[in-house]
There are 2 protein chains.
Amino acid sequence: MTDTDDREQEAKRHAERFQRVREAHQTEVAEDYVELIARLIDETGEARVVDLAVWLGVTNATVNNTVQRLQRDGLVTSKPYRSIFLTEAGRELAESSHQRHILVRDFLLALGVGEETAEADAEGIEHHVSAETLTAFRRHLKATKPKKGN
Amino acid sequence: MTDTDDREQEAKRHAERFQRVREAHQTEVAEDYVELIARLIDETGEARVVDLAVWLGVTNATVNNTVQRLQRDGLVTSKPYRSIFLTEAGRELAESSHQRHILVRDFLLALGVGEETAEADAEGIEHHVSAETLTAFRRHLKATKPKKGN
DNA sequence: ACAAAAAGTTAGCCGTCACTAACTTTATAC
DNA sequence: GTATAAAGTTAGTGACGGCTAACTTTTTGT
Ligand SMILES: [Mn+2]
Ligand SMILES: [Mn+2]
Ligand SMILES: [Mn+2]
Ligand SMILES: [Mn+2]
């Protein structure tokens, strides 16, 4: 009976979607950290543990743990009691994460969502938008934004 | 200097956004489970551990653990070796999660995103959209969908 | 009815990402 | 230049959400 086969296929696709979400969750923290590190370096000259802690709403100890993981994964470098630097890979991830972030935020703004809500929702949504959806966001922005053309 | 104050305010808002994302992650698994349990009960008459495992792409043991947590949190009931039932709270969470899920998916479809991508992205995005953003999605759907009116 | 298969459970493991508390190092103020 | 404050680190804890392996119970097929 091909009825059972269909059902199995559907279950398999369903499971694959959840696996993708789980994968996204694993890279999420790294993306947010390197994006913030890049910003702090850009705006203040350096990224210190205490600043990351304040801006992320976690303790110093948590930041320390995470930074060690990022270092293990080749995204940052840091020497004891010194501030944190991005590796080339870290810079690249920060840049692409940032581009994606502002695209998602701007899309929400274009939809009529308020500033703070757009920023807040973007912080979570950004990690779950595929390239195809980002393209659709860009298309929508191009189609609606041209208010300057008025 | 109010310059410093501004910076502190910005950091605080930033941190609050991340706290919201972390909270969303804590309810995410519960939402997906009850939504799937409701669906399986509806479509097949019962929700069994093995089905949840297949549809979620995890092992039986993982499902068992999670179901115990859901039971602890008052969302499901289940007796040893029997299938799983939703409590009233579980049914309510399943229903609202499902409504939100299809809204997010339909919105992506309306934007021109392909079916499988819409379904996949919705699975992650759904947990990070505020009420305000959902309203904006609905507004956009109403503004564009009326193709039946053609 | 009973053997084999399927389903469910339990135990023990691991990584992530939080926390607090205690400690060390660096920076600041006087 | 030294005491104090701030920042950073380390150690230890815990929940969550995954896993495998071994076991028990239920279902199925003959
Ligand atoms: Mn971001
Ligand atoms: Mn984010
Ligand atoms: Mn989901
Ligand atoms: Mn869902």
# chains A, B, ... in the order shown; residues from 1 in each chain; ligands from 1

$ closest_atom_pairs --of "chain A" --to "ligand 4" --cutoff "12 Å" --atoms "only C-alpha atoms and all ligand atoms" --output "tab-separated table"
residue	atom	partner	partner_atom_place_in_ligand_line	distance
A:His14	CA	ligand 4	1 (Mn)	10.1
A:Ala15	CA	ligand 4	1 (Mn)	11.7
A:Arg17	CA	ligand 4	1 (Mn)	10.1
A:Phe18	CA	ligand 4	1 (Mn)	9.3
A:Val21	CA	ligand 4	1 (Mn)	10.8

$ interface_residues --of "chain D" --to "chain B" --cutoff "12 Å" --atoms "only C-alpha atoms (C1' of nucleotides)" --output "list in words"
DA15, DC16, DG17, DG18, DC19, DT20, DA21, DT24, DT25, DT26 and DT27 of chain D

$ residues_near_ligand --ligand "ligand 3" --cutoff "7 Å" --atoms "only C-alpha atoms (C1' of nucleotides) and all ligand atoms" --output "list in words"
Glu28, Asp32, Ala122, Glu123, Gly124, Glu126 and His127 of chain B

$ write_last_selection --atoms "N, CA and C atoms" --output "mmCIF file, in the first residue's frame"
data_model
loop_
_atom_site.group_PDB
_atom_site.id
_atom_site.type_symbol
_atom_site.label_atom_id
_atom_site.label_comp_id
_atom_site.auth_asym_id
_atom_site.auth_seq_id
_atom_site.Cartn_x
_atom_site.Cartn_y
_atom_site.Cartn_z
ATOM 1 N N GLU B 28 9.902 26.165 23.482
ATOM 2 C CA GLU B 28 9.873 25.695 22.099
ATOM 3 C C GLU B 28 9.570 24.204 21.979
ATOM 4 N N ASP B 32 6.219 22.349 20.220
ATOM 5 C CA ASP B 32 6.278 21.431 19.080
ATOM 6 C C ASP B 32 5.731 20.050 19.438
ATOM 7 N N ALA B 122 9.201 28.010 8.960
ATOM 8 C CA ALA B 122 8.135 28.270 9.937
ATOM 9 C C ALA B 122 8.387 27.488 11.225
ATOM 10 N N GLU B 123 8.938 26.299 11.088
ATOM 11 C CA GLU B 123 9.162 25.456 12.264
ATOM 12 C C GLU B 123 10.072 26.126 13.284
ATOM 13 N N GLY B 124 11.001 26.961 12.805
ATOM 14 C CA GLY B 124 11.858 27.675 13.727
ATOM 15 C C GLY B 124 11.343 29.062 14.068
ATOM 16 N N GLU B 126 8.342 30.354 14.078
ATOM 17 C CA GLU B 126 7.100 30.422 14.855
ATOM 18 C C GLU B 126 7.308 30.728 16.342
ATOM 19 N N HIS B 127 8.427 30.287 16.884
ATOM 20 C CA HIS B 127 8.659 30.450 18.321
ATOM 21 C C HIS B 127 9.215 31.832 18.686
#

$ residues_near_ligand --ligand "ligand 1" --cutoff "12 Å" --atoms "only C-alpha atoms (C1' of nucleotides) and all ligand atoms" --output "number ranges by chain"
A: 27-39, 55-56, 93-105, 118-128; B: 14-15, 17-18, 21

$ write_last_selection --atoms "N, CA and C atoms" --output "short mmCIF file (atom, residue, chain, number, x, y, z; two decimals), in the first residue's frame"
data_model
loop_
_atom_site.label_atom_id
_atom_site.label_comp_id
_atom_site.auth_asym_id
_atom_site.auth_seq_id
_atom_site.Cartn_x
_atom_site.Cartn_y
_atom_site.Cartn_z
N THR A 27 24.25 26.88 16.37
CA THR A 27 25.12 27.95 15.87
C THR A 27 24.68 29.32 16.34
N GLU A 28 23.50 29.35 16.96
CA GLU A 28 22.87 30.61 17.33
C GLU A 28 23.71 31.45 18.28
N VAL A 29 24.18 30.84 19.33
CA VAL A 29 24.95 31.58 20.32
C VAL A 29 26.23 32.14 19.70
N ALA A 30 26.89 31.32 18.92
CA ALA A 30 28.12 31.77 18.27
C ALA A 30 27.85 32.98 17.40
N GLU A 31 26.76 32.95 16.63
CA GLU A 31 26.44 34.06 15.74
C GLU A 31 26.19 35.34 16.52
N ASP A 32 25.42 35.24 17.59
CA ASP A 32 25.11 36.44 18.37
C ASP A 32 26.35 37.00 19.05
N TYR A 33 27.20 36.12 19.55
CA TYR A 33 28.42 36.59 20.21
C TYR A 33 29.34 37.32 19.22
N VAL A 34 29.65 36.68 18.11
CA VAL A 34 30.61 37.33 17.21
C VAL A 34 30.04 38.63 16.64
N GLU A 35 28.74 38.66 16.43
CA GLU A 35 28.12 39.90 15.93
C GLU A 35 28.31 41.01 16.96
N LEU A 36 28.07 40.68 18.23
CA LEU A 36 28.21 41.69 19.29
C LEU A 36 29.67 42.07 19.49
N ILE A 37 30.55 41.10 19.43
CA ILE A 37 31.99 41.40 19.58
C ILE A 37 32.44 42.36 18.50
N ALA A 38 32.03 42.10 17.27
CA ALA A 38 32.40 43.00 16.16
C ALA A 38 31.87 44.41 16.41
N ARG A 39 30.65 44.47 16.89
CA ARG A 39 30.06 45.78 17.15
C ARG A 39 30.80 46.53 18.25
N TRP A 55 25.67 43.37 27.85
CA TRP A 55 24.88 43.48 26.62
C TRP A 55 24.07 42.22 26.33
N LEU A 56 24.51 41.10 26.88
CA LEU A 56 23.78 39.85 26.65
C LEU A 56 22.87 39.49 27.82
N LEU A 93 31.83 35.43 9.97
CA LEU A 93 30.54 35.04 10.55
C LEU A 93 29.81 36.25 11.11
N ALA A 94 30.57 37.14 11.75
CA ALA A 94 29.97 38.35 12.31
C ALA A 94 29.33 39.20 11.21
N GLU A 95 30.06 39.34 10.12
CA GLU A 95 29.58 40.18 9.03
C GLU A 95 28.30 39.60 8.41
N SER A 96 28.31 38.31 8.11
CA SER A 96 27.12 37.72 7.48
C SER A 96 25.95 37.70 8.46
N SER A 97 26.23 37.45 9.74
CA SER A 97 25.16 37.47 10.73
C SER A 97 24.56 38.87 10.83
N HIS A 98 25.43 39.87 10.79
CA HIS A 98 24.96 41.24 10.91
C HIS A 98 24.10 41.63 9.71
N GLN A 99 24.56 41.28 8.52
CA GLN A 99 23.77 41.58 7.31
C GLN A 99 22.40 40.93 7.40
N ARG A 100 22.39 39.68 7.80
CA ARG A 100 21.13 38.96 7.93
C ARG A 100 20.24 39.63 8.97
N HIS A 101 20.85 40.02 10.09
CA HIS A 101 20.10 40.66 11.17
C HIS A 101 19.39 41.93 10.69
N ILE A 102 20.12 42.79 10.01
CA ILE A 102 19.50 44.05 9.61
C ILE A 102 18.47 43.83 8.51
N LEU A 103 18.69 42.81 7.69
CA LEU A 103 17.68 42.51 6.67
C LEU A 103 16.37 42.06 7.32
N VAL A 104 16.48 41.15 8.29
CA VAL A 104 15.28 40.67 8.97
C VAL A 104 14.59 41.82 9.70
N ARG A 105 15.37 42.62 10.39
CA ARG A 105 14.80 43.75 11.13
C ARG A 105 14.12 44.74 10.18
N ALA A 118 10.43 44.92 16.32
CA ALA A 118 11.18 44.45 15.15
C ALA A 118 12.57 43.99 15.58
N GLU A 119 13.20 44.80 16.41
CA GLU A 119 14.54 44.46 16.86
C GLU A 119 14.51 43.19 17.71
N ALA A 120 13.54 43.10 18.58
CA ALA A 120 13.45 41.94 19.48
C ALA A 120 13.14 40.65 18.71
N ASP A 121 12.15 40.70 17.84
CA ASP A 121 11.79 39.50 17.09
C ASP A 121 12.91 39.08 16.15
N ALA A 122 13.57 40.07 15.55
CA ALA A 122 14.68 39.76 14.63
C ALA A 122 15.75 38.96 15.35
N GLU A 123 15.97 39.26 16.62
CA GLU A 123 17.02 38.58 17.38
C GLU A 123 16.81 37.07 17.42
N GLY A 124 15.56 36.64 17.39
CA GLY A 124 15.29 35.19 17.38
C GLY A 124 15.09 34.65 15.98
N ILE A 125 14.36 35.40 15.17
CA ILE A 125 13.99 34.93 13.83
C ILE A 125 15.22 34.73 12.95
N GLU A 126 16.17 35.66 13.06
CA GLU A 126 17.34 35.66 12.17
C GLU A 126 18.01 34.30 12.03
N HIS A 127 17.96 33.50 13.07
CA HIS A 127 18.68 32.21 13.04
C HIS A 127 17.89 31.11 12.34
N HIS A 128 16.69 31.44 11.90
CA HIS A 128 15.83 30.40 11.33
C HIS A 128 15.32 30.74 9.95
N HIS B 14 19.12 45.80 24.82
CA HIS B 14 19.75 44.71 24.09
C HIS B 14 19.69 43.41 24.88
N ALA B 15 20.05 43.50 26.16
CA ALA B 15 20.04 42.32 27.02
C ALA B 15 18.64 41.75 27.16
N ARG B 17 16.26 41.78 25.04
CA ARG B 17 15.91 41.05 23.82
C ARG B 17 16.45 39.63 23.87
N PHE B 18 17.70 39.51 24.31
CA PHE B 18 18.30 38.19 24.38
C PHE B 18 17.62 37.34 25.43
N VAL B 21 14.62 35.83 23.84
CA VAL B 21 14.95 34.71 22.96
C VAL B 21 15.21 33.45 23.78
#

$ interface_residues --of "chain C" --to "chain A" --cutoff "12 Å" --atoms "only C-alpha atoms (C1' of nucleotides)" --output "list in words"
DG15, DT16, DC17, DA18, DC19, DT20, DA21, DT24, DT25, DT26 and DA27 of chain C

$ write_last_selection --atoms "N, CA and C atoms (P, O5', C5', C4', C3', O3' and C1' of nucleotides)" --output "JSON list (two decimals), in the first residue's frame"
[["chain", "number", "residue", "atom", "x", "y", "z"],
["C", 15, "DG", "P", 31.44, 15.74, 25.89],
["C", 15, "DG", "O5'", 30.45, 16.88, 25.38],
["C", 15, "DG", "C5'", 29.94, 16.81, 24.05],
["C", 15, "DG", "C4'", 29.00, 17.98, 23.84],
["C", 15, "DG", "C3'", 29.61, 19.32, 24.22],
["C", 15, "DG", "O3'", 29.25, 20.26, 23.23],
["C", 15, "DG", "C1'", 27.63, 18.93, 25.49],
["C", 16, "DT", "P", 29.74, 21.73, 23.30],
["C", 16, "DT", "O5'", 28.43, 22.49, 23.81],
["C", 16, "DT", "C5'", 27.22, 22.32, 23.09],
["C", 16, "DT", "C4'", 26.11, 23.06, 23.78],
["C", 16, "DT", "C3'", 26.47, 24.51, 24.17],
["C", 16, "DT", "O3'", 25.46, 25.34, 23.64],
["C", 16, "DT", "C1'", 25.50, 23.36, 25.99],
["C", 17, "DC", "P", 25.66, 26.90, 23.48],
["C", 17, "DC", "O5'", 25.04, 27.47, 24.82],
["C", 17, "DC", "C5'", 23.66, 27.28, 25.06],
["C", 17, "DC", "C4'", 23.37, 27.60, 26.50],
["C", 17, "DC", "C3'", 24.00, 28.93, 26.98],
["C", 17, "DC", "O3'", 22.99, 29.64, 27.65],
["C", 17, "DC", "C1'", 24.40, 27.22, 28.51],
["C", 18, "DA", "P", 22.86, 31.21, 27.55],
["C", 18, "DA", "O5'", 22.36, 31.63, 28.98],
["C", 18, "DA", "C5'", 23.23, 31.63, 30.09],
["C", 18, "DA", "C4'", 22.55, 30.94, 31.25],
["C", 18, "DA", "C3'", 23.11, 31.35, 32.61],
["C", 18, "DA", "O3'", 22.46, 32.52, 33.03],
["C", 18, "DA", "C1'", 22.95, 29.02, 32.48],
["C", 19, "DC", "P", 23.18, 33.64, 33.83],
["C", 19, "DC", "O5'", 23.25, 33.02, 35.31],
["C", 19, "DC", "C5'", 22.08, 32.49, 35.91],
["C", 19, "DC", "C4'", 22.48, 31.66, 37.12],
["C", 19, "DC", "C3'", 23.44, 32.36, 38.05],
["C", 19, "DC", "O3'", 22.71, 33.05, 39.03],
["C", 19, "DC", "C1'", 24.13, 30.10, 37.63],
["C", 20, "DT", "P", 23.51, 34.11, 39.97],
["C", 20, "DT", "O5'", 24.29, 33.16, 41.00],
["C", 20, "DT", "C5'", 23.59, 32.24, 41.81],
["C", 20, "DT", "C4'", 24.57, 31.58, 42.76],
["C", 20, "DT", "C3'", 25.36, 32.56, 43.63],
["C", 20, "DT", "O3'", 25.49, 31.98, 44.93],
["C", 20, "DT", "C1'", 26.87, 31.27, 42.35],
["C", 21, "DA", "P", 26.02, 32.92, 46.13],
["C", 21, "DA", "O5'", 27.46, 32.31, 46.40],
["C", 21, "DA", "C5'", 27.70, 30.94, 46.13],
["C", 21, "DA", "C4'", 29.17, 30.63, 46.36],
["C", 21, "DA", "C3'", 29.92, 31.66, 47.19],
["C", 21, "DA", "O3'", 30.93, 30.97, 47.92],
["C", 21, "DA", "C1'", 30.90, 31.54, 45.06],
["C", 24, "DT", "P", 44.01, 32.95, 45.00],
["C", 24, "DT", "O5'", 44.07, 33.68, 43.59],
["C", 24, "DT", "C5'", 43.90, 32.92, 42.40],
["C", 24, "DT", "C4'", 44.09, 33.84, 41.21],
["C", 24, "DT", "C3'", 45.29, 34.76, 41.28],
["C", 24, "DT", "O3'", 45.87, 34.80, 40.01],
["C", 24, "DT", "C1'", 43.35, 36.04, 40.97],
["C", 25, "DT", "P", 47.34, 35.39, 39.79],
["C", 25, "DT", "O5'", 47.05, 36.67, 38.89],
["C", 25, "DT", "C5'", 46.27, 36.49, 37.70],
["C", 25, "DT", "C4'", 45.69, 37.81, 37.30],
["C", 25, "DT", "C3'", 46.72, 38.93, 37.14],
["C", 25, "DT", "O3'", 46.73, 39.24, 35.77],
["C", 25, "DT", "C1'", 44.74, 39.68, 38.23],
["C", 26, "DT", "P", 47.65, 40.43, 35.19],
["C", 26, "DT", "O5'", 46.70, 41.71, 35.25],
["C", 26, "DT", "C5'", 45.48, 41.67, 34.50],
["C", 26, "DT", "C4'", 44.72, 42.94, 34.73],
["C", 26, "DT", "C3'", 45.51, 44.22, 34.46],
["C", 26, "DT", "O3'", 44.71, 44.98, 33.59],
["C", 26, "DT", "C1'", 44.45, 44.34, 36.56],
["C", 27, "DA", "P", 45.18, 46.43, 33.07],
["C", 27, "DA", "O5'", 44.31, 47.40, 33.99],
["C", 27, "DA", "C5'", 42.93, 47.17, 34.08],
["C", 27, "DA", "C4'", 42.27, 48.25, 34.92],
["C", 27, "DA", "C3'", 42.77, 49.66, 34.66],
["C", 27, "DA", "O3'", 41.60, 50.47, 34.62],
["C", 27, "DA", "C1'", 43.06, 49.10, 36.95]]

$ residues_around --residues "A:Thr87" --least-positions-apart "3" --cutoff "10 Å" --atoms "only C-alpha atoms (C1' of nucleotides)" --output "list in words"
Val34, Gln71, Gly74, Leu75, Val76, Thr77, Ile84, Gly90, Arg91, Glu92 and Leu93 of chain A
